[in-house]
$ cat run.cif   # mmCIF, C-alpha atoms
data_query
#
loop_
_atom_site.label_atom_id
_atom_site.label_comp_id
_atom_site.auth_asym_id
_atom_site.auth_seq_id
_atom_site.Cartn_x
_atom_site.Cartn_y
_atom_site.Cartn_z
CA MET A 446 64.71 125.26 132.48
CA LEU A 447 67.41 126.69 130.25
CA HIS A 448 70.37 128.16 132.03
CA ARG A 449 72.81 130.50 130.35
CA ARG A 450 75.80 128.67 131.81
CA GLU A 451 74.63 125.29 130.47
CA PHE A 452 73.83 126.76 127.08
CA LEU A 453 77.32 128.28 126.79
CA ARG A 454 78.92 125.07 128.06
CA ASP A 455 77.05 123.04 125.44
CA MET A 456 78.06 125.51 122.78
CA GLY A 457 81.70 125.22 123.81
CA GLN A 458 81.61 121.42 123.87
CA GLY A 459 79.61 120.66 120.79
CA GLY A 460 79.12 123.83 118.85
CA ILE A 461 75.99 125.82 118.22
CA LEU A 462 74.00 122.87 116.85
CA ALA A 463 74.52 120.76 119.96
CA ALA A 464 73.61 123.71 122.19
CA LEU A 465 70.45 124.41 120.26
CA LEU A 466 69.43 120.74 120.23
CA SER A 467 70.02 120.15 123.91
CA SER A 468 68.28 123.36 124.90
CA GLY A 469 65.17 122.36 123.01
CA LEU A 470 65.32 125.53 120.92
CA LEU A 471 65.96 123.51 117.78
CA THR A 472 64.25 120.29 116.86
CA ILE A 473 65.02 118.26 113.76
CA PRO A 474 62.46 119.41 111.19
CA LYS A 475 60.04 116.89 109.70
CA ALA A 476 61.59 117.30 106.27
CA TRP A 477 64.81 115.82 107.55
CA ALA A 478 63.45 113.09 109.79
CA ALA A 479 59.98 111.62 110.01
CA ASP A 480 58.52 111.55 113.52
CA ARG A 481 59.40 108.54 115.59
CA ASN A 482 56.37 106.51 116.58
CA GLN A 483 56.68 106.95 120.34
CA ALA A 484 53.57 104.89 121.09
CA ALA A 485 54.97 101.91 119.20
CA PHE A 486 58.26 102.00 121.12
CA ALA A 487 56.44 102.45 124.45
CA ALA A 488 54.18 99.46 123.74
CA ARG A 489 54.86 96.52 126.01
CA THR A 490 53.50 93.66 123.94
CA VAL A 491 53.74 92.68 120.29
CA GLU A 492 49.99 93.19 119.90
CA GLU A 493 50.20 96.73 121.27
CA ALA A 494 53.19 97.51 119.06
CA PHE A 495 51.40 96.16 115.98
CA ALA A 496 48.38 98.31 116.83
CA ALA A 497 50.51 101.44 117.26
CA LEU A 498 52.23 100.71 113.95
CA GLY A 499 48.86 100.31 112.23
CA ALA A 500 49.77 96.73 111.39
CA GLY A 501 46.57 95.11 112.62
CA THR A 502 47.00 91.35 112.38
CA PRO A 503 49.82 90.84 109.88
CA ALA A 504 49.65 87.84 107.58
CA ALA A 505 52.41 85.28 107.92
CA SER A 506 54.62 85.35 104.84
CA ASP A 507 57.20 82.95 103.49
CA GLU A 508 58.66 85.81 101.46
CA ILE A 509 60.39 87.12 104.59
CA THR A 510 63.75 85.64 105.52
CA LEU A 511 64.41 86.10 109.22
CA GLU A 512 67.84 84.93 110.36
CA ALA A 513 68.60 84.69 114.06
CA PRO A 514 70.48 82.05 116.04
CA GLU A 515 68.67 79.00 117.44
CA ILE A 516 70.51 79.60 120.70
CA ALA A 517 71.91 82.97 121.75
CA GLU A 518 74.75 82.51 124.21
CA ASN A 519 74.73 86.20 125.05
CA GLY A 520 71.30 87.82 125.16
CA ALA A 521 72.91 91.27 125.01
CA VAL A 522 74.05 90.79 121.44
CA VAL A 523 71.79 88.66 119.24
CA PRO A 524 72.34 89.06 115.49
CA VAL A 525 69.16 89.41 113.46
CA ASN A 526 68.98 89.70 109.68
CA VAL A 527 65.74 90.37 107.82
CA ALA A 528 65.29 90.29 104.06
CA THR A 529 62.10 90.20 102.05
CA SER A 530 61.09 89.77 98.43
CA ILE A 531 57.57 91.12 98.96
CA ALA A 532 56.90 93.63 96.18
CA GLY A 533 56.82 97.23 97.37
CA ALA A 534 58.30 96.50 100.80
CA ASP A 535 59.17 99.87 102.30
CA ALA A 536 59.57 99.22 106.04
CA ILE A 537 60.93 96.42 108.21
CA ALA A 538 60.41 96.28 111.97
CA ILE A 539 62.09 93.91 114.41
CA LEU A 540 60.33 92.91 117.65
CA VAL A 541 61.42 90.76 120.58
CA GLU A 542 58.25 89.35 122.07
CA LYS A 543 59.31 89.02 125.70
CA ASN A 544 61.38 92.17 126.04
CA PRO A 545 59.93 94.84 128.38
CA ASN A 546 59.06 96.82 125.25
CA ALA A 547 58.62 94.50 122.28
CA LEU A 548 59.59 96.86 119.44
CA ALA A 549 63.34 97.07 118.90
CA ALA A 550 63.75 98.85 115.58
CA VAL A 551 61.85 100.19 112.60
CA THR A 552 63.77 100.61 109.35
CA THR A 553 62.34 102.63 106.45
CA ILE A 554 63.51 101.50 103.02
CA PRO A 555 63.44 104.17 100.28
CA ALA A 556 63.25 103.25 96.60
CA GLY A 557 66.67 102.08 95.46
CA THR A 558 67.53 100.45 98.77
CA GLU A 559 67.22 96.70 99.20
CA ALA A 560 64.55 95.40 101.57
CA TYR A 561 67.16 94.06 103.94
CA VAL A 562 68.48 95.03 107.34
CA SER A 563 71.05 93.45 109.60
CA THR A 564 71.52 94.41 113.23
CA ARG A 565 71.93 93.05 116.76
CA VAL A 566 69.33 93.16 119.51
CA LYS A 567 69.14 92.58 123.24
CA MET A 568 66.92 89.74 124.39
CA GLN A 569 65.91 89.56 128.03
CA GLN A 570 64.94 85.89 127.84
CA THR A 571 64.07 83.09 125.45
CA SER A 572 61.49 84.57 123.13
CA ARG A 573 60.11 84.82 119.63
CA VAL A 574 61.86 87.32 117.42
CA ILE A 575 59.44 88.84 114.90
CA ALA A 576 60.06 90.55 111.58
CA LEU A 577 57.23 92.81 110.44
CA VAL A 578 57.22 94.04 106.85
CA ARG A 579 55.08 96.83 105.43
CA ALA A 580 54.49 96.70 101.67
CA LYS A 581 52.03 98.94 99.83
CA GLY A 582 50.18 99.62 103.07
CA SER A 583 49.73 95.93 103.98
CA PHE A 584 51.63 94.15 106.73
CA PHE A 585 53.29 90.73 106.81
CA MET A 586 55.32 88.91 109.40
CA ALA A 587 57.69 86.04 110.09
CA SER A 588 58.96 84.84 113.45
CA LYS A 589 61.61 82.59 114.94
CA ASP A 590 62.07 81.22 118.44
CA VAL A 591 65.45 82.14 119.91
CA LYS A 592 66.68 80.46 123.09
CA VAL A 593 68.68 82.73 125.38
CA THR A 594 71.08 81.28 127.90
CA LEU A 595 72.17 84.59 129.47
CA GLY A 596 69.59 87.38 129.37
CA GLY A 597 70.74 90.70 127.91
CA CYS A 598 68.73 93.57 129.31
CA GLY A 599 70.94 94.03 132.35
CA GLY A 600 67.96 94.16 134.70
CA MET B 635 79.31 114.87 119.88
CA GLY B 636 79.46 111.10 120.52
CA ASN B 637 82.12 108.63 119.56
CA PRO B 638 83.15 107.91 115.96
CA MET B 639 81.43 105.25 113.87
CA ARG B 640 83.26 102.82 111.64
CA ILE B 641 81.65 102.69 108.21
CA ARG B 642 82.50 100.23 105.48
CA ALA B 643 80.81 100.72 102.11
CA LYS B 644 81.83 98.42 99.27
CA LEU B 645 80.34 97.91 95.85
CA ASP B 646 79.04 94.41 95.24
CA GLY B 647 78.20 94.70 91.55
CA GLU B 648 75.70 97.55 91.36
CA VAL B 649 74.78 97.35 95.04
CA VAL B 650 76.63 99.12 97.83
CA ASP B 651 77.02 96.79 100.80
CA ALA B 652 77.21 99.04 103.85
CA LYS B 653 78.16 98.06 107.39
CA VAL B 654 78.23 100.59 110.20
CA LEU B 655 79.59 99.96 113.69
CA MET B 656 78.48 102.68 116.07
CA ASN B 657 80.03 103.39 119.44
CA HIS B 658 77.18 103.98 121.89
CA ALA B 659 76.23 102.63 125.33
CA MET B 660 72.57 102.05 124.34
CA GLU B 661 71.53 102.09 128.02
CA THR B 662 68.01 100.77 128.58
CA GLY B 663 67.48 102.60 131.85
CA GLN B 664 67.02 99.24 133.60
CA ARG B 665 70.65 98.39 134.31
CA LYS B 666 72.07 98.95 137.78
CA ASP B 667 75.64 100.11 138.30
CA ALA B 668 78.07 98.78 140.92
CA SER B 669 76.50 100.88 143.68
CA GLY B 670 73.02 99.58 142.85
CA ALA B 671 71.81 102.83 141.26
CA LEU B 672 69.89 102.71 137.99
CA VAL B 673 71.91 103.90 135.01
CA PRO B 674 69.68 106.38 133.12
CA ALA B 675 68.33 105.44 129.70
CA HIS B 676 70.55 106.72 126.90
CA TYR B 677 70.18 105.20 123.47
CA ILE B 678 70.20 106.06 119.77
CA THR B 679 66.68 106.89 118.63
CA LYS B 680 67.23 107.78 114.96
CA VAL B 681 69.69 106.80 112.25
CA ILE B 682 69.75 108.38 108.79
CA ALA B 683 72.07 107.23 106.02
CA SER B 684 72.41 109.30 102.87
CA CYS B 685 74.40 109.24 99.67
CA ASN B 686 74.54 111.84 96.90
CA GLY B 687 71.98 113.95 98.74
CA LYS B 688 69.44 111.13 98.94
CA THR B 689 68.33 109.26 102.05
CA VAL B 690 69.17 105.59 101.55
CA LEU B 691 68.02 104.34 104.95
CA GLU B 692 66.17 105.69 107.94
CA ALA B 693 65.80 103.79 111.19
CA ASP B 694 64.01 104.42 114.47
CA TRP B 695 65.55 102.53 117.36
CA GLY B 696 64.61 101.69 120.92
CA PRO B 697 66.87 100.55 123.75
CA SER B 698 66.55 96.90 122.66
CA VAL B 699 69.18 97.50 119.99
CA SER B 700 72.49 96.20 121.31
CA LYS B 701 75.27 98.31 122.76
CA ASN B 702 77.71 99.43 120.05
CA PRO B 703 75.11 98.88 117.37
CA LEU B 704 75.97 97.13 114.16
CA LEU B 705 73.85 98.07 111.15
CA GLY B 706 74.00 96.46 107.73
CA PHE B 707 72.07 97.56 104.67
CA ARG B 708 72.37 97.54 100.86
CA PHE B 709 71.43 100.16 98.29
CA ARG B 710 71.79 101.02 94.61
CA GLY B 711 72.51 104.16 92.69
CA ALA B 712 75.99 104.98 93.92
CA ALA B 713 79.42 104.68 92.35
CA ALA B 714 82.90 104.14 93.68
CA GLY B 715 84.20 107.42 95.06
CA ASP B 716 80.76 108.59 96.24
CA THR B 717 80.35 109.41 99.92
CA LEU B 718 78.04 107.58 102.30
CA SER B 719 77.04 109.71 105.29
CA VAL B 720 75.49 108.27 108.45
CA THR B 721 73.95 110.36 111.25
CA TRP B 722 72.58 109.15 114.55
CA THR B 723 70.64 111.11 117.17
CA ASP B 724 70.05 109.80 120.66
CA SER B 725 67.57 110.14 123.52
CA MET B 726 69.66 112.86 125.15
CA ASN B 727 69.76 114.87 121.90
CA ASP B 728 73.39 114.05 121.23
CA THR B 729 74.17 113.52 117.56
CA ARG B 730 77.02 112.22 115.47
CA THR B 731 77.73 112.15 111.72
CA ASP B 732 80.44 110.13 110.03
CA GLU B 733 81.23 109.51 106.37
CA ALA B 734 82.98 106.94 104.27
CA VAL B 735 83.96 106.79 100.63
CA ILE B 736 82.37 103.98 98.70
CA GLY B 737 85.01 101.60 97.42
#
$ encode --input "run.cif" --output "structure tokens"
Amino acid sequence: MLHRREFLRDMGQGGILAALLSSGLLTIPKAWAADRNQAAFAARTVEEAFAALGAGTPAASDEITLEAPEIAENGAVVPVNVATSIAGADAIAILVEKNPNALAAVTTIPAGTEAYVSTRVKMQQTSRVIALVRAKGSFFMASKDVKVTLGGCGG
Amino acid sequence: MGNPMRIRAKLDGEVVDAKVLMNHAMETGQRKDASGALVPAHYITKVIASCNGKTVLEADWGPSVSKNPLLGFRFRGAAAGDTLSVTWTDSMNDTRTDEAVIG
């Protein structure tokens, strides 16, 4: 329910764009931002996430370099780097198998950008970390077991 | 409006090596505060990086990305002096854009 007071407050705090966004009157148009795959992020397991992403059963590939620590002292901040030399790679997803929702991030790689992403993820417990690569409509994966000494989902 | 990001964009030959440190709680919605109440979910859902009017990276995130997210990526087609712009949007429709000059 939109209230005039809240709309004006939002406008004062963040300007007209923030007010329009938070009121639901303005949504980011598709031309600016492709729709987020809600089903994939809501999926609990890797299999469900793969299905929602249209990945089917990805083939294991040795052309994916997945770097993550053998042992993560702090499960809240686990560095993960993914690079791939698979021709035509245009998306890289990172999944943490035993997190409450397996899919952590999906990165879209336009032409001119290297098929590489580096970030940090939360891991609730010792688990496989999976890199999923889409290239020319086909899907490939690599995985690594990461031991977690202190779980990082705060639950 | 969110908190400012730190962006570093340096040319490594023909490739811009970009590192972004965002300031965001990335709450999963599963954490309990000191009183035992659940802290509501609040996390970045979309990141778009652009340079010279072209999107160079787009990312969809869930709450499994760490608090104060670090993002590294590499792209071609930019020169020293060009501007790299990074925008994030979060699950409460807050948004933040920061820029850095490529050096």
$ closest_atom_pairs --input "run.cif" --of "chain B" --to "chain A" --cutoff "6 Å" --atoms "all atoms listed in the file" --output "tab-separated table"
residue	atom	partner	partner_atom	distance
B:Met635	CA	A:Gly459	CA	5.9
B:Gln664	CA	A:Gly600	CA	5.3
B:Arg665	CA	A:Gly599	CA	4.8
B:Leu691	CA	A:Ile554	CA	5.7
B:Glu692	CA	A:Thr553	CA	5.1
B:Ala693	CA	A:Thr552	CA	4.2
B:Asp694	CA	A:Val551	CA	5.1
B:Trp695	CA	A:Ala550	CA	4.5
B:Gly696	CA	A:Ala549	CA	5.2
B:Ser698	CA	A:Ala549	CA	4.9
B:Val699	CA	A:Val566	CA	4.4
B:Ser700	CA	A:Val566	CA	4.7
B:Leu704	CA	A:Thr564	CA	5.3
B:Leu705	CA	A:Thr564	CA	4.8
B:Gly706	CA	A:Ser563	CA	4.6
B:Phe707	CA	A:Val562	CA	5.1
B:Arg708	CA	A:Glu559	CA	5.5
B:Phe709	CA	A:Thr558	CA	3.9
B:Arg710	CA	A:Gly557	CA	5.3
B:Asn727	CA	A:Ser467	CA	5.7
$ residues_near_point --input "run.cif" --point "(50.3, 91.6, 111.3)" --cutoff "9 Å" --atoms "all atoms listed in the file" --output "list in words"
Glu492, Phe495, Ala496, Gly499, Ala500, Gly501, Thr502, Pro503, Ala504, Ala505, Leu577, Val578, Ser583, Phe584, Phe585 and Met586 of chain A
$ resolve_selection --input "run.cif" --expression "the PyMOL selection byres ((chain B and resi 680) around 7)" --output "PyMOL selection string"
chain B and resi 678-679+681-682+693-695+722-724
$ resolve_selection --input "run.cif" --expression "the PyMOL selection byres ((chain B and resi 717) around 8)" --output "list of chain:residue names"
B:Cys685, B:Asn686, B:Gly715, B:Asp716, B:Leu718, B:Ser719, B:Glu733, B:Ala734, B:Val735, B:Ile736
$ atom_distance --input "run.cif" --atom1 "atom CA of Ser506 of chain A" --atom2 "atom CA of Lys581 of chain A"
14.7 Å
$ closest_residue --input "run.cif" --among "B:Arg642, B:Thr721, B:Leu655, B:Gly737" --to "Val690 of chain B" --atoms "all atoms listed in the file"
B:Thr721
$ atom_distance --input "run.cif" --atom1 "atom CA of Ile516 of chain A" --atom2 "atom CA of Ala659 of chain B"
24.2 Å
$ residues_near_point --input "run.cif" --point "(66.5, 80.9, 110.0)" --cutoff "12 Å" --atoms "all atoms listed in the file" --output "tab-separated table (two decimals) with C-alpha atoms, in the coordinates of the input"
chain	number	residue	atom	x	y	z
A	507	ASP	CA	57.20	82.95	103.49
A	509	ILE	CA	60.39	87.12	104.59
A	510	THR	CA	63.75	85.64	105.52
A	511	LEU	CA	64.41	86.10	109.22
A	512	GLU	CA	67.84	84.93	110.36
A	513	ALA	CA	68.60	84.69	114.06
A	514	PRO	CA	70.48	82.05	116.04
A	515	GLU	CA	68.67	79.00	117.44
A	516	ILE	CA	70.51	79.60	120.70
A	524	PRO	CA	72.34	89.06	115.49
A	525	VAL	CA	69.16	89.41	113.46
A	526	ASN	CA	68.98	89.70	109.68
A	527	VAL	CA	65.74	90.37	107.82
A	528	ALA	CA	65.29	90.29	104.06
A	574	VAL	CA	61.86	87.32	117.42
A	575	ILE	CA	59.44	88.84	114.90
A	576	ALA	CA	60.06	90.55	111.58
A	587	ALA	CA	57.69	86.04	110.09
A	588	SER	CA	58.96	84.84	113.45
A	589	LYS	CA	61.61	82.59	114.94
A	590	ASP	CA	62.07	81.22	118.44
A	591	VAL	CA	65.45	82.14	119.91
$ resolve_selection --input "run.cif" --expression "the PyMOL selection byres ((chain B and resi 702) around 6)" --output "list in words"
Met656, Asn657, His658, Lys701 and Pro703 of chain B
$ residues_around --input "run.cif" --residues "Gly663 of chain B" --least-positions-apart "6" --cutoff "8 Å" --atoms "all atoms listed in the file" --output "list in words"
Leu672, Val673, Pro674, Ala675 and His676 of chain B
$ atom_distance --input "run.cif" --atom1 "atom CA of Ala683 of chain B" --atom2 "atom CA of Gly647 of chain B"
20.1 Å
$ decode --input "run.cif" --residues "segment 482-524 of chain A" --atoms "N, CA and C atoms" --output "PDB file, in the first residue's frame"
ATOM      1  N   ASN A 482      16.663 -14.772 -12.609  1.00  0.00           N
ATOM      2  CA  ASN A 482      16.023 -16.078 -12.603  1.00  0.00           C
ATOM      3  C   ASN A 482      15.662 -16.439 -11.162  1.00  0.00           C
ATOM      4  N   GLN A 483      14.460 -16.025 -10.751  1.00  0.00           N
ATOM      5  CA  GLN A 483      14.051 -16.195  -9.354  1.00  0.00           C
ATOM      6  C   GLN A 483      14.018 -17.668  -8.961  1.00  0.00           C
ATOM      7  N   ALA A 484      13.520 -18.502  -9.892  1.00  0.00           N
ATOM      8  CA  ALA A 484      13.398 -19.932  -9.582  1.00  0.00           C
ATOM      9  C   ALA A 484      14.768 -20.539  -9.283  1.00  0.00           C
ATOM     10  N   ALA A 485      15.777 -20.113 -10.031  1.00  0.00           N
ATOM     11  CA  ALA A 485      17.117 -20.667  -9.817  1.00  0.00           C
ATOM     12  C   ALA A 485      17.656 -20.284  -8.444  1.00  0.00           C
ATOM     13  N   PHE A 486      17.409 -19.036  -8.025  1.00  0.00           N
ATOM     14  CA  PHE A 486      17.903 -18.598  -6.716  1.00  0.00           C
ATOM     15  C   PHE A 486      17.077 -19.181  -5.571  1.00  0.00           C
ATOM     16  N   ALA A 487      15.824 -19.534  -5.844  1.00  0.00           N
ATOM     17  CA  ALA A 487      14.988 -20.139  -4.800  1.00  0.00           C
ATOM     18  C   ALA A 487      15.251 -21.640  -4.675  1.00  0.00           C
ATOM     19  N   ALA A 488      15.890 -22.228  -5.687  1.00  0.00           N
ATOM     20  CA  ALA A 488      16.135 -23.669  -5.661  1.00  0.00           C
ATOM     21  C   ALA A 488      16.979 -24.035  -4.457  1.00  0.00           C
ATOM     22  N   ARG A 489      16.663 -25.192  -3.855  1.00  0.00           N
ATOM     23  CA  ARG A 489      17.402 -25.587  -2.665  1.00  0.00           C
ATOM     24  C   ARG A 489      18.655 -26.394  -3.037  1.00  0.00           C
ATOM     25  N   THR A 490      18.514 -27.270  -4.005  1.00  0.00           N
ATOM     26  CA  THR A 490      19.631 -28.164  -4.330  1.00  0.00           C
ATOM     27  C   THR A 490      20.291 -27.756  -5.635  1.00  0.00           C
ATOM     28  N   VAL A 491      21.485 -28.286  -5.835  1.00  0.00           N
ATOM     29  CA  VAL A 491      22.213 -28.049  -7.086  1.00  0.00           C
ATOM     30  C   VAL A 491      21.398 -28.544  -8.275  1.00  0.00           C
ATOM     31  N   GLU A 492      20.789 -29.713  -8.133  1.00  0.00           N
ATOM     32  CA  GLU A 492      20.013 -30.283  -9.247  1.00  0.00           C
ATOM     33  C   GLU A 492      18.853 -29.366  -9.620  1.00  0.00           C
ATOM     34  N   GLU A 493      18.169 -28.860  -8.601  1.00  0.00           N
ATOM     35  CA  GLU A 493      17.042 -27.950  -8.873  1.00  0.00           C
ATOM     36  C   GLU A 493      17.532 -26.650  -9.514  1.00  0.00           C
ATOM     37  N   ALA A 494      18.671 -26.155  -9.044  1.00  0.00           N
ATOM     38  CA  ALA A 494      19.213 -24.920  -9.620  1.00  0.00           C
ATOM     39  C   ALA A 494      19.624 -25.146 -11.074  1.00  0.00           C
ATOM     40  N   PHE A 495      20.284 -26.265 -11.333  1.00  0.00           N
ATOM     41  CA  PHE A 495      20.670 -26.592 -12.720  1.00  0.00           C
ATOM     42  C   PHE A 495      19.430 -26.639 -13.608  1.00  0.00           C
ATOM     43  N   ALA A 496      18.364 -27.278 -13.106  1.00  0.00           N
ATOM     44  CA  ALA A 496      17.138 -27.400 -13.899  1.00  0.00           C
ATOM     45  C   ALA A 496      16.566 -26.018 -14.186  1.00  0.00           C
ATOM     46  N   ALA A 497      16.515 -25.160 -13.170  1.00  0.00           N
ATOM     47  CA  ALA A 497      15.954 -23.825 -13.363  1.00  0.00           C
ATOM     48  C   ALA A 497      16.800 -22.990 -14.318  1.00  0.00           C
ATOM     49  N   LEU A 498      18.109 -23.277 -14.349  1.00  0.00           N
ATOM     50  CA  LEU A 498      19.005 -22.539 -15.242  1.00  0.00           C
ATOM     51  C   LEU A 498      19.015 -23.137 -16.645  1.00  0.00           C
ATOM     52  N   GLY A 499      18.292 -24.262 -16.826  1.00  0.00           N
ATOM     53  CA  GLY A 499      18.288 -24.909 -18.131  1.00  0.00           C
ATOM     54  C   GLY A 499      19.580 -25.651 -18.411  1.00  0.00           C
ATOM     55  N   ALA A 500      20.309 -25.989 -17.344  1.00  0.00           N
ATOM     56  CA  ALA A 500      21.635 -26.583 -17.529  1.00  0.00           C
ATOM     57  C   ALA A 500      21.602 -28.095 -17.674  1.00  0.00           C
ATOM     58  N   GLY A 501      20.472 -28.718 -17.367  1.00  0.00           N
ATOM     59  CA  GLY A 501      20.395 -30.173 -17.499  1.00  0.00           C
ATOM     60  C   GLY A 501      21.437 -30.857 -16.646  1.00  0.00           C
ATOM     61  N   THR A 502      22.205 -31.757 -17.253  1.00  0.00           N
ATOM     62  CA  THR A 502      23.315 -32.406 -16.564  1.00  0.00           C
ATOM     63  C   THR A 502      24.596 -31.911 -17.222  1.00  0.00           C
ATOM     64  N   PRO A 503      25.240 -30.907 -16.644  1.00  0.00           N
ATOM     65  CA  PRO A 503      26.413 -30.331 -17.301  1.00  0.00           C
ATOM     66  C   PRO A 503      27.568 -31.332 -17.368  1.00  0.00           C
ATOM     67  N   ALA A 504      28.328 -31.261 -18.443  1.00  0.00           N
ATOM     68  CA  ALA A 504      29.492 -32.120 -18.590  1.00  0.00           C
ATOM     69  C   ALA A 504      30.651 -31.549 -17.777  1.00  0.00           C
ATOM     70  N   ALA A 505      31.375 -32.431 -17.110  1.00  0.00           N
ATOM     71  CA  ALA A 505      32.576 -31.977 -16.402  1.00  0.00           C
ATOM     72  C   ALA A 505      33.583 -31.486 -17.432  1.00  0.00           C
ATOM     73  N   SER A 506      34.277 -30.403 -17.107  1.00  0.00           N
ATOM     74  CA  SER A 506      35.233 -29.846 -18.070  1.00  0.00           C
ATOM     75  C   SER A 506      36.529 -29.498 -17.368  1.00  0.00           C
ATOM     76  N   ASP A 507      37.639 -29.841 -18.015  1.00  0.00           N
ATOM     77  CA  ASP A 507      38.934 -29.437 -17.455  1.00  0.00           C
ATOM     78  C   ASP A 507      39.371 -28.092 -18.025  1.00  0.00           C
ATOM     79  N   GLU A 508      38.471 -27.441 -18.766  1.00  0.00           N
ATOM     80  CA  GLU A 508      38.771 -26.098 -19.255  1.00  0.00           C
ATOM     81  C   GLU A 508      38.188 -25.028 -18.338  1.00  0.00           C
ATOM     82  N   ILE A 509      37.768 -25.455 -17.151  1.00  0.00           N
ATOM     83  CA  ILE A 509      37.292 -24.507 -16.137  1.00  0.00           C
ATOM     84  C   ILE A 509      38.272 -24.546 -14.979  1.00  0.00           C
ATOM     85  N   THR A 510      38.788 -23.385 -14.607  1.00  0.00           N
ATOM     86  CA  THR A 510      39.672 -23.294 -13.452  1.00  0.00           C
ATOM     87  C   THR A 510      38.855 -22.740 -12.301  1.00  0.00           C
ATOM     88  N   LEU A 511      38.670 -23.552 -11.273  1.00  0.00           N
ATOM     89  CA  LEU A 511      37.911 -23.136 -10.095  1.00  0.00           C
ATOM     90  C   LEU A 511      38.885 -23.073  -8.928  1.00  0.00           C
ATOM     91  N   GLU A 512      39.112 -21.867  -8.416  1.00  0.00           N
ATOM     92  CA  GLU A 512      40.021 -21.699  -7.283  1.00  0.00           C
ATOM     93  C   GLU A 512      39.213 -21.380  -6.046  1.00  0.00           C
ATOM     94  N   ALA A 513      39.420 -22.187  -5.008  1.00  0.00           N
ATOM     95  CA  ALA A 513      38.790 -21.952  -3.708  1.00  0.00           C
ATOM     96  C   ALA A 513      39.708 -22.622  -2.695  1.00  0.00           C
ATOM     97  N   PRO A 514      39.703 -22.170  -1.454  1.00  0.00           N
ATOM     98  CA  PRO A 514      40.645 -22.758  -0.502  1.00  0.00           C
ATOM     99  C   PRO A 514      40.294 -24.209  -0.161  1.00  0.00           C
ATOM    100  N   GLU A 515      41.303 -25.002   0.181  1.00  0.00           N
ATOM    101  CA  GLU A 515      41.058 -26.368   0.656  1.00  0.00           C
ATOM    102  C   GLU A 515      40.261 -26.305   1.961  1.00  0.00           C
ATOM    103  N   ILE A 516      40.714 -25.372   2.825  1.00  0.00           N
ATOM    104  CA  ILE A 516      40.058 -25.211   4.126  1.00  0.00           C
ATOM    105  C   ILE A 516      39.701 -23.737   4.294  1.00  0.00           C
ATOM    106  N   ALA A 517      38.442 -23.456   4.557  1.00  0.00           N
ATOM    107  CA  ALA A 517      38.007 -22.080   4.793  1.00  0.00           C
ATOM    108  C   ALA A 517      37.853 -21.887   6.292  1.00  0.00           C
ATOM    109  N   GLU A 518      38.729 -21.052   6.859  1.00  0.00           N
ATOM    110  CA  GLU A 518      38.664 -20.804   8.298  1.00  0.00           C
ATOM    111  C   GLU A 518      37.362 -20.101   8.672  1.00  0.00           C
ATOM    112  N   ASN A 519      36.932 -19.214   7.802  1.00  0.00           N
ATOM    113  CA  ASN A 519      35.729 -18.430   8.068  1.00  0.00           C
ATOM    114  C   ASN A 519      34.723 -18.660   6.950  1.00  0.00           C
ATOM    115  N   GLY A 520      33.697 -19.429   7.231  1.00  0.00           N
ATOM    116  CA  GLY A 520      32.706 -19.758   6.208  1.00  0.00           C
ATOM    117  C   GLY A 520      31.927 -18.558   5.708  1.00  0.00           C
ATOM    118  N   ALA A 521      32.038 -17.417   6.378  1.00  0.00           N
ATOM    119  CA  ALA A 521      31.296 -16.235   5.930  1.00  0.00           C
ATOM    120  C   ALA A 521      31.957 -15.584   4.719  1.00  0.00           C
ATOM    121  N   VAL A 522      33.249 -15.845   4.563  1.00  0.00           N
ATOM    122  CA  VAL A 522      33.991 -15.147   3.503  1.00  0.00           C
ATOM    123  C   VAL A 522      34.943 -16.139   2.837  1.00  0.00           C
ATOM    124  N   VAL A 523      34.470 -16.839   1.840  1.00  0.00           N
ATOM    125  CA  VAL A 523      35.285 -17.845   1.150  1.00  0.00           C
ATOM    126  C   VAL A 523      35.579 -17.350  -0.256  1.00  0.00           C
ATOM    127  N   PRO A 524      36.839 -17.061  -0.580  1.00  0.00           N
ATOM    128  CA  PRO A 524      37.142 -16.542  -1.920  1.00  0.00           C
ATOM    129  C   PRO A 524      37.001 -17.640  -2.976  1.00  0.00           C
TER     130      PRO A 524
END
